[in-house]
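Student: The structure's right below; bear with me while I get my questions together.
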Amino acid sequence: MKQDTIEIINKYYQAFNTGDMDTFFELLTEDVVHDVNQGKREIGKDAFKQFMACMNNNYKEQIVDIVIMATDDGARAAAEFMVLGEYINHDSGLPKARGQKYRLPAGAFFEIIDNKINRVTNYYNLEDWIAQVSD
């Protein structure tokens with residue numbers, strides 16, 4: 001079970017990195033809980049799709065140096081990684097986008113139900129990101 005969960009999280013980030021949104025969303029439950037970094041909790045695959053549409057419009061990102069850990073029963077997991085990104089379009093309430101590049105340490109926590117991701121909680125230091133894109 002632990003290894004199955006690690007593989008699910010690996011597929012999630014591989015799909016993210018390749019822009020394969022069909023596979024990305026197939027890995028989620030319909031009622032997935034998404035805890036947006038320093039933001040609100042969103043529930044449901046449709047809400048996650050809207051979030052990702054905004055992200056894919058405004059940012060070009062790759063997840064690298066990923067380490068995935070899971071509980072023995074595979075019910076919960078965590079990932080630590082680096083986000084290599086480019087800020088390509090202005091996101092409301094944030095600095096203006098000018099193609100700024102950034103490198104940001106981040107992490108995520110997951111709950112898995114029936115071999116699908118039921119919760120994703122993302123974390124990164126927003127102040128660090130703002131400092132990197134404000135130069």
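Chain lettering (A, B, ...) mirrors the order of the structure tokens, residue numbering begins at 1 for each chain separately, and ligand numbering begins at 1 in order of display.
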Skipping near chain neighbours, those fewer than 4 positions away, what residues fall within 12 Å of stretch 107-115 of chain A using only C-alpha atoms, listed as a PyMOL selection string?

Tutor: chain A and resi 1-9+11-13+26-37+63-71+73-83+119-125

Student: Could you pull out all residues of chain A with a DSSP call of strand (DSSP E) and give them as a PyMOL selection string?

Tutor: chain A and resi 28-35+41-43+59-70+76-87+100-113+116-124

Student: Considering only C-alpha atoms, state which residue in the set A:Lys116, A:Asn89, A:Glu42, A:Glu127 is at the smallest distance from A:Phe24.

Tutor: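 With only C-alpha atoms as the atom set, the closest residue is A:Lys116.
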
Student: Just the number, please: distance in Å from atom CA of A:Ile130 to atom CA of A:Cys54, one decimal.

Tutor: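 Answer for the atom CA of A:Ile130 to atom CA of A:Cys54 separation: 17.7 Å.
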
Student: Do you have the atom CA of A:Asn56-atom CA of A:Ile88 distance handy?

Tutor: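 It comes out at 9.5 Å.
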
Student: Could you find all residues in stretch 10-135 of chain A that DSSP calls helix (DSSP H, G or I) from the backbone, and write them as a PyMOL selection string?

Tutor: chain A and resi 10-18+21-26+45-58+126-134

Student: Do you have the atom CA of A:Lys49-atom CA of A:Phe25 distance handy?

Tutor: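 According to the coordinates, atom CA of A:Lys49 and atom CA of A:Phe25 are separated by 7.8 Å.
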
Student: Using only C-alpha atoms, can you tell me which of A:Lys101, A:Ile117, A:Gly93, A:Gly44 comes closest to A:Tyr59?

Tutor: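 Between A:Lys101, A:Ile117, A:Gly93, A:Gly44, the residue approaching A:Tyr59 most closely is A:Lys101.
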
Student: Would you mind listing what lies within 10 Å of A:Asp128 as a PyMOL selection string, with only C-alpha atoms counted and same-chain residues fewer than 5 positions away left out?

Tutor: chain A and resi 102-105+133-134

Student: Hey, can you spit out that residue selection with C-alpha atoms as a PDB file, in the first residue's frame?

Tutor:
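Output below, filename result_8.pdb:
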ATOM      1  CA  TYR A 102      11.978  31.603  -9.517  1.00  0.00           C
ATOM      2  CA  ARG A 103      13.196  28.606  -7.548  1.00  0.00           C
ATOM      3  CA  LEU A 104      11.043  27.840  -4.548  1.00  0.00           C
ATOM      4  CA  PRO A 105      11.183  25.064  -1.950  1.00  0.00           C
ATOM      5  CA  VAL A 133       9.586  37.978  -8.641  1.00  0.00           C
ATOM      6  CA  SER A 134       9.787  41.576  -7.373  1.00  0.00           C
TER       7      SER A 134
END

Student: Calculated over only C-alpha atoms, which of the candidates A:Phe51, A:Arg98, A:Gln132, A:Asn17 has the smallest distance to A:Gly39?

Tutor: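 Closest to A:Gly39, using only C-alpha atoms: A:Phe51.
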
Student: Can you work out which one of A:Ala131, A:Glu86, A:Asp22, A:Lys60 has the shortest atom-to-atom distance to A:Lys45, counting only C-alpha atoms?

Tutor: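 Smallest separation from A:Lys45 among the options: A:Asp22.
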